[in-house]
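Visitor: Before I ask anything, here is the structure I am working with.
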Amino acid sequence: VLGEARLSGAKVVLVGDDRQLGSIERGGLFTELKKQHGSAEIRQVTRQNVDWQREAAHDLSDGRFEEALRAFARNKSIVWTSKQDELRGKLVARWAQDSSVDPSSSRFVFAYTNKDVDALNKDLRAVRRARGELGEDFVFTTKHGEAPFAVGDRIQFTDTLKGAGIYNGNAGAITRIDRDSGRIGVTLDSAAGREGRKVEWYASEFSGFRHGYAGTIYKGQGKTLDHTYLMHTHHWRAASSYVALTRQRESATIFVATQTARDLRQLARQIGRNEIKAASVAYATADELAPAQRAKLD
């Protein structure tokens, strides 16, 4: 693309945030381009509707994790338990209470590992099943294993089926399941006031989907939600924490066990750790390095 732009004399404008999650494989090139050519930065936060959350988003963006967490603590947005194995139950109970009082708002739970995501999806779905909010269960084999799905279920896509208009990262609600053909219909999430796009596929031909009540941070990047919940484990790092705690319009709640982080300061150190992924051009080759080393000796 850049080669074609150069040949045609076009101007290329790159837009991004290198403090958020990079690509899973190769990465770091955006940072190098920014260093070489300079950049302009948008500083006005528009996603969060609450003043203190906008200020906390600035702190997170600038790497001031302890200051941001103190704002969350002052506004009762950090929930502590003593044991790590108590954490999921506490979060599910809070989600159940919140979604019962305000069922129309969007909400999503962030966890770091797929194991935690699976357990949370199972527990959160059980809440909706107990409240009578789901239709009849149909068991499908997905790339994540066998699982029951019903009309009303939240669903997220983990693969792409272009012919059906399904793309990895899409999410929505199941509106139809045909018992005989195994054809599933979903209305995808959309911006407020707009009708969601409808997609359908045969479960026997496409298996890249799972329940969509909880997910990893890669499924949340780029999304805007009313309410979010973060289940803390020792895996969290700066980029993932920054993304997870800035997706919300109204509220974000962090659930932490003192077994994993004994206090706010240790929590800030844990979620503020950097996981550096640099482009190969950021490193000197052997030929480039030798003169530099000789110059230091001189």
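So you can find residues: chains in the structure tokens are A, B, ... in the order shown, residues in each start at 1, and ligands are numbered from 1 in order.
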Please list as a PyMOL selection string every residue within 8 Å of A:Val109, counting only C-alpha atoms and excluding residues in the same chain fewer than 6 positions away.

Guide: chain A and resi 213-215+228-231

Visitor: Can you pull out the residues contacting A:Ile174? Cut-off 9 Å, using only C-alpha atoms, and skip same-chain residues under 3 positions away; I want them as a list in words.

Guide: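 Everything that qualifies: Phe149, Ala150, Val151, Gly152, Asp153, Arg154, Ile155, Ile177, Ile184, Gly185, Val186, Thr187 and Leu188 of chain A.
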
Visitor: Would you save the residues from that selection as a PDB file, in the first residue's frame, using N, CA and C atoms?

Guide:
ATOM      1  N   PHE A 149     -26.537 -23.344  22.866  1.00  0.00           N
ATOM      2  CA  PHE A 149     -26.894 -21.993  22.433  1.00  0.00           C
ATOM      3  C   PHE A 149     -28.405 -21.912  22.316  1.00  0.00           C
ATOM      4  N   ALA A 150     -28.945 -20.708  22.549  1.00  0.00           N
ATOM      5  CA  ALA A 150     -30.388 -20.512  22.521  1.00  0.00           C
ATOM      6  C   ALA A 150     -30.703 -19.126  21.981  1.00  0.00           C
ATOM      7  N   VAL A 151     -31.936 -18.962  21.516  1.00  0.00           N
ATOM      8  CA  VAL A 151     -32.391 -17.629  21.118  1.00  0.00           C
ATOM      9  C   VAL A 151     -32.295 -16.709  22.336  1.00  0.00           C
ATOM     10  N   GLY A 152     -31.708 -15.543  22.131  1.00  0.00           N
ATOM     11  CA  GLY A 152     -31.480 -14.607  23.229  1.00  0.00           C
ATOM     12  C   GLY A 152     -30.048 -14.584  23.711  1.00  0.00           C
ATOM     13  N   ASP A 153     -29.285 -15.633  23.407  1.00  0.00           N
ATOM     14  CA  ASP A 153     -27.893 -15.694  23.844  1.00  0.00           C
ATOM     15  C   ASP A 153     -27.054 -14.590  23.217  1.00  0.00           C
ATOM     16  N   ARG A 154     -26.114 -14.062  24.000  1.00  0.00           N
ATOM     17  CA  ARG A 154     -25.063 -13.218  23.455  1.00  0.00           C
ATOM     18  C   ARG A 154     -24.019 -14.115  22.794  1.00  0.00           C
ATOM     19  N   ILE A 155     -23.498 -13.678  21.651  1.00  0.00           N
ATOM     20  CA  ILE A 155     -22.564 -14.502  20.895  1.00  0.00           C
ATOM     21  C   ILE A 155     -21.463 -13.604  20.333  1.00  0.00           C
ATOM     22  N   ILE A 177     -32.845 -20.025  15.641  1.00  0.00           N
ATOM     23  CA  ILE A 177     -32.136 -21.298  15.461  1.00  0.00           C
ATOM     24  C   ILE A 177     -33.120 -22.281  14.836  1.00  0.00           C
ATOM     25  N   ILE A 184     -28.374 -20.741  12.051  1.00  0.00           N
ATOM     26  CA  ILE A 184     -28.430 -19.807  13.174  1.00  0.00           C
ATOM     27  C   ILE A 184     -28.497 -18.388  12.632  1.00  0.00           C
ATOM     28  N   GLY A 185     -29.375 -17.581  13.209  1.00  0.00           N
ATOM     29  CA  GLY A 185     -29.498 -16.173  12.831  1.00  0.00           C
ATOM     30  C   GLY A 185     -29.106 -15.275  13.990  1.00  0.00           C
ATOM     31  N   VAL A 186     -28.341 -14.239  13.692  1.00  0.00           N
ATOM     32  CA  VAL A 186     -27.853 -13.307  14.717  1.00  0.00           C
ATOM     33  C   VAL A 186     -28.036 -11.876  14.231  1.00  0.00           C
ATOM     34  N   THR A 187     -28.470 -11.013  15.140  1.00  0.00           N
ATOM     35  CA  THR A 187     -28.467  -9.578  14.872  1.00  0.00           C
ATOM     36  C   THR A 187     -27.228  -8.987  15.523  1.00  0.00           C
ATOM     37  N   LEU A 188     -26.351  -8.412  14.705  1.00  0.00           N
ATOM     38  CA  LEU A 188     -25.085  -7.887  15.205  1.00  0.00           C
ATOM     39  C   LEU A 188     -25.288  -6.581  15.960  1.00  0.00           C
TER      40      LEU A 188
END

Visitor: Could you tell me which of A:Leu14, A:Leu69, A:Val127, A:Ile78 comes closest to A:Gln97 if we count only C-alpha atoms?

Guide: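 Nearest candidate to A:Gln97 out of A:Leu14, A:Leu69, A:Val127, A:Ile78: A:Val127.
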
Visitor: Identify, on the basis of only C-alpha atoms, every residue whose closest approach to A:Leu120 does not exceed 12 Å; exclude the query and any residue fewer than 4 positions from it along the same chain; express the result as JSON, numbers by chain.

Guide: {"A": [87, 88, 89, 90, 91, 92, 93, 95, 108, 109, 110, 111, 112, 113, 114, 115, 116, 124, 125, 126, 127, 211, 212, 213, 214, 215, 216, 229, 230, 231]}

Visitor: Just write the chosen residues, C-alpha atoms, as a PDB file, in the first residue's frame.

Guide:
ATOM      1  CA  LEU A  87     -13.270 -13.540  42.497  1.00  0.00           C
ATOM      2  CA  ARG A  88     -15.403 -14.999  39.712  1.00  0.00           C
ATOM      3  CA  GLY A  89     -18.382 -15.566  42.009  1.00  0.00           C
ATOM      4  CA  LYS A  90     -18.196 -11.979  43.265  1.00  0.00           C
ATOM      5  CA  LEU A  91     -18.073 -10.633  39.727  1.00  0.00           C
ATOM      6  CA  VAL A  92     -20.935 -12.814  38.488  1.00  0.00           C
ATOM      7  CA  ALA A  93     -23.121 -11.735  41.430  1.00  0.00           C
ATOM      8  CA  TRP A  95     -23.123  -8.579  36.946  1.00  0.00           C
ATOM      9  CA  PHE A 108     -19.005  -7.016  28.878  1.00  0.00           C
ATOM     10  CA  VAL A 109     -16.575  -8.858  31.156  1.00  0.00           C
ATOM     11  CA  PHE A 110     -12.853  -8.829  30.392  1.00  0.00           C
ATOM     12  CA  ALA A 111     -10.616 -11.724  31.423  1.00  0.00           C
ATOM     13  CA  TYR A 112      -7.072 -12.449  30.352  1.00  0.00           C
ATOM     14  CA  THR A 113      -7.115 -16.188  29.609  1.00  0.00           C
ATOM     15  CA  ASN A 114      -9.480 -18.274  27.502  1.00  0.00           C
ATOM     16  CA  LYS A 115      -9.906 -20.612  30.478  1.00  0.00           C
ATOM     17  CA  ASP A 116     -11.293 -17.744  32.565  1.00  0.00           C
ATOM     18  CA  LEU A 124     -23.057 -15.512  33.309  1.00  0.00           C
ATOM     19  CA  ARG A 125     -25.196 -17.500  30.892  1.00  0.00           C
ATOM     20  CA  ALA A 126     -26.513 -19.554  33.831  1.00  0.00           C
ATOM     21  CA  VAL A 127     -27.772 -16.302  35.374  1.00  0.00           C
ATOM     22  CA  HIS A 211     -20.830 -17.191  23.992  1.00  0.00           C
ATOM     23  CA  GLY A 212     -20.370 -13.431  24.198  1.00  0.00           C
ATOM     24  CA  TYR A 213     -20.840 -12.412  27.811  1.00  0.00           C
ATOM     25  CA  ALA A 214     -17.103 -12.366  28.523  1.00  0.00           C
ATOM     26  CA  GLY A 215     -14.006 -12.309  26.370  1.00  0.00           C
ATOM     27  CA  THR A 216     -10.334 -11.513  26.177  1.00  0.00           C
ATOM     28  CA  TYR A 229     -15.995  -5.522  34.336  1.00  0.00           C
ATOM     29  CA  LEU A 230     -12.355  -6.589  34.628  1.00  0.00           C
ATOM     30  CA  MET A 231     -11.374  -9.793  36.437  1.00  0.00           C
TER      31      MET A 231
END

Visitor: Determine which residues of stretch 23-268 of chain A DSSP labels as strand (DSSP E or B) from the backbone of this structure, then write them out as a ChimeraX atom specification.

Guide: /A:78-81,107-110,138-142,145-149,154-157,161,166,171-177,183-188,198-202,209-211,214-215,225-231,248-257

Visitor: When you look at A:Asp263 with a cut-off of 12 Å (counting only C-alpha atoms), what residues show up, excluding the ones that are within fewer than 3 positions of it in the same chain? I need them as a PyMOL selection string.

Guide: chain A and resi 66+69-70+73+78-82+256-260+266-270

Visitor: Quote the spacing between atom CA of A:Thr158 and atom CA of A:Ser204 in Å to one decimal place.

Guide: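 Result for atom CA of A:Thr158 versus atom CA of A:Ser204: 15.8 Å, one decimal.
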
Visitor: Mind the document's chain letters and residue numbers, and return as an mmCIF file with C-alpha atoms, in the first residue's frame the residues of stretch 42-229 of chain A that DSSP labels helix (DSSP H, G or I).

Guide:
data_model
loop_
_atom_site.group_PDB
_atom_site.id
_atom_site.type_symbol
_atom_site.label_atom_id
_atom_site.label_comp_id
_atom_site.auth_asym_id
_atom_site.auth_seq_id
_atom_site.Cartn_x
_atom_site.Cartn_y
_atom_site.Cartn_z
ATOM 1 C CA ASP A 51 -15.637 13.332 34.478
ATOM 2 C CA TRP A 52 -13.431 11.270 36.797
ATOM 3 C CA GLN A 53 -13.326 8.428 34.273
ATOM 4 C CA ARG A 54 -12.116 10.796 31.550
ATOM 5 C CA GLU A 55 -9.335 11.977 33.872
ATOM 6 C CA ALA A 56 -8.465 8.362 34.725
ATOM 7 C CA ALA A 57 -8.325 7.550 30.999
ATOM 8 C CA HIS A 58 -5.712 10.304 30.578
ATOM 9 C CA ASP A 59 -3.710 8.857 33.481
ATOM 10 C CA LEU A 60 -3.834 5.369 31.977
ATOM 11 C CA SER A 61 -2.813 6.692 28.572
ATOM 12 C CA PHE A 65 -1.593 3.586 36.651
ATOM 13 C CA GLU A 66 -1.553 4.219 40.388
ATOM 14 C CA GLU A 67 -3.207 7.646 39.990
ATOM 15 C CA ALA A 68 -5.883 6.101 37.750
ATOM 16 C CA LEU A 69 -6.544 3.272 40.215
ATOM 17 C CA ARG A 70 -6.872 5.725 43.094
ATOM 18 C CA ALA A 71 -9.667 7.423 41.153
ATOM 19 C CA PHE A 72 -11.381 4.052 40.656
ATOM 20 C CA ALA A 73 -11.009 3.315 44.381
ATOM 21 C CA ARG A 74 -12.405 6.714 45.447
ATOM 22 C CA GLN A 84 -8.476 -15.573 43.858
ATOM 23 C CA ASP A 85 -10.983 -18.426 43.594
ATOM 24 C CA GLU A 86 -13.673 -16.180 45.173
ATOM 25 C CA LEU A 87 -13.270 -13.540 42.497
ATOM 26 C CA ARG A 88 -15.403 -14.999 39.712
ATOM 27 C CA GLY A 89 -18.382 -15.566 42.009
ATOM 28 C CA LYS A 90 -18.196 -11.979 43.265
ATOM 29 C CA LEU A 91 -18.073 -10.633 39.727
ATOM 30 C CA VAL A 92 -20.935 -12.814 38.488
ATOM 31 C CA ALA A 93 -23.121 -11.735 41.430
ATOM 32 C CA ARG A 94 -22.455 -8.063 40.667
ATOM 33 C CA TRP A 95 -23.123 -8.579 36.946
ATOM 34 C CA ALA A 96 -26.382 -10.363 37.779
ATOM 35 C CA GLN A 97 -27.521 -7.513 40.018
ATOM 36 C CA ASP A 98 -26.556 -4.796 37.524
ATOM 37 C CA SER A 99 -28.116 -6.500 34.498
ATOM 38 C CA SER A 100 -31.332 -7.149 36.422
ATOM 39 C CA VAL A 101 -31.714 -3.474 37.361
ATOM 40 C CA ASN A 114 -9.480 -18.274 27.502
ATOM 41 C CA LYS A 115 -9.906 -20.612 30.478
ATOM 42 C CA ASP A 116 -11.293 -17.744 32.565
ATOM 43 C CA VAL A 117 -13.419 -16.545 29.644
ATOM 44 C CA ASP A 118 -15.032 -19.985 29.276
ATOM 45 C CA ALA A 119 -15.806 -20.205 33.005
ATOM 46 C CA LEU A 120 -17.259 -16.688 33.100
ATOM 47 C CA ASN A 121 -19.395 -17.252 30.004
ATOM 48 C CA LYS A 122 -20.801 -20.427 31.553
ATOM 49 C CA ASP A 123 -21.647 -18.700 34.859
ATOM 50 C CA LEU A 124 -23.057 -15.512 33.309
ATOM 51 C CA ARG A 125 -25.196 -17.500 30.892
ATOM 52 C CA ALA A 126 -26.513 -19.554 33.831
ATOM 53 C CA VAL A 127 -27.772 -16.302 35.374
ATOM 54 C CA ARG A 128 -29.794 -15.532 32.260
ATOM 55 C CA ARG A 129 -31.057 -19.123 32.038
ATOM 56 C CA ALA A 130 -32.276 -18.968 35.657
ATOM 57 C CA LYS A 162 -17.024 -13.465 4.417
ATOM 58 C CA GLY A 163 -19.809 -14.962 2.356
ATOM 59 C CA ALA A 164 -22.194 -14.576 5.282
ATOM 60 C CA ILE A 217 -9.193 -7.968 25.679
ATOM 61 C CA TYR A 218 -8.589 -8.559 21.959
ATOM 62 C CA LYS A 219 -12.369 -8.933 21.589
#

Visitor: Could you check the closest approach to A:Ala239 for each of A:Phe206, A:Gly193, A:Ser251, A:Asn274 and tell me which residue wins, using only C-alpha atoms?

Guide: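 Between A:Phe206, A:Gly193, A:Ser251, A:Asn274, the residue approaching A:Ala239 most closely is A:Asn274.
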
Visitor: Would you mind reading off the distance between atom CA of A:Arg47 and atom CA of A:Thr246, one decimal, in Å?

Guide: 7.9 Å

Visitor: Extract, using only C-alpha atoms, all DNA, RNA and protein residues at most 9 Å from A:Ser105, discarding same-chain residues fewer than 3 positions from it, and format them as a PyMOL selection string.

Guide: chain A and resi 99+102+225-227

Visitor: Would you export the selected residues with N, CA and C atoms as a PDB file, in the first residue's frame, please?

Guide:
ATOM      1  N   SER A  99     -27.349  -6.214  35.712  1.00  0.00           N
ATOM      2  CA  SER A  99     -28.116  -6.500  34.498  1.00  0.00           C
ATOM      3  C   SER A  99     -29.599  -6.673  34.798  1.00  0.00           C
ATOM      4  N   ASP A 102     -30.784  -2.930  35.171  1.00  0.00           N
ATOM      5  CA  ASP A 102     -30.674  -2.167  33.932  1.00  0.00           C
ATOM      6  C   ASP A 102     -30.410  -3.121  32.766  1.00  0.00           C
ATOM      7  N   LEU A 225     -18.813   0.311  25.147  1.00  0.00           N
ATOM      8  CA  LEU A 225     -19.859  -0.386  25.896  1.00  0.00           C
ATOM      9  C   LEU A 225     -20.326   0.506  27.042  1.00  0.00           C
ATOM     10  N   ASP A 226     -21.537   0.257  27.517  1.00  0.00           N
ATOM     11  CA  ASP A 226     -22.034   1.051  28.644  1.00  0.00           C
ATOM     12  C   ASP A 226     -21.297   0.705  29.936  1.00  0.00           C
ATOM     13  N   HIS A 227     -21.169  -0.600  30.218  1.00  0.00           N
ATOM     14  CA  HIS A 227     -20.566  -1.034  31.479  1.00  0.00           C
ATOM     15  C   HIS A 227     -19.588  -2.179  31.216  1.00  0.00           C
TER      16      HIS A 227
END

Visitor: Record the distance separating atom CA of A:Gly182 and atom CA of A:Arg131, expressed in Å with one decimal.

Guide: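 Atom CA of A:Arg131 lies 25.5 Å from atom CA of A:Gly182.
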
Visitor: In terms of the shortest atom-to-atom distance over only C-alpha atoms, which of A:Ala261, A:Ile254, A:Val13, A:Leu33 is closest to A:Val1?

Guide: A:Val13
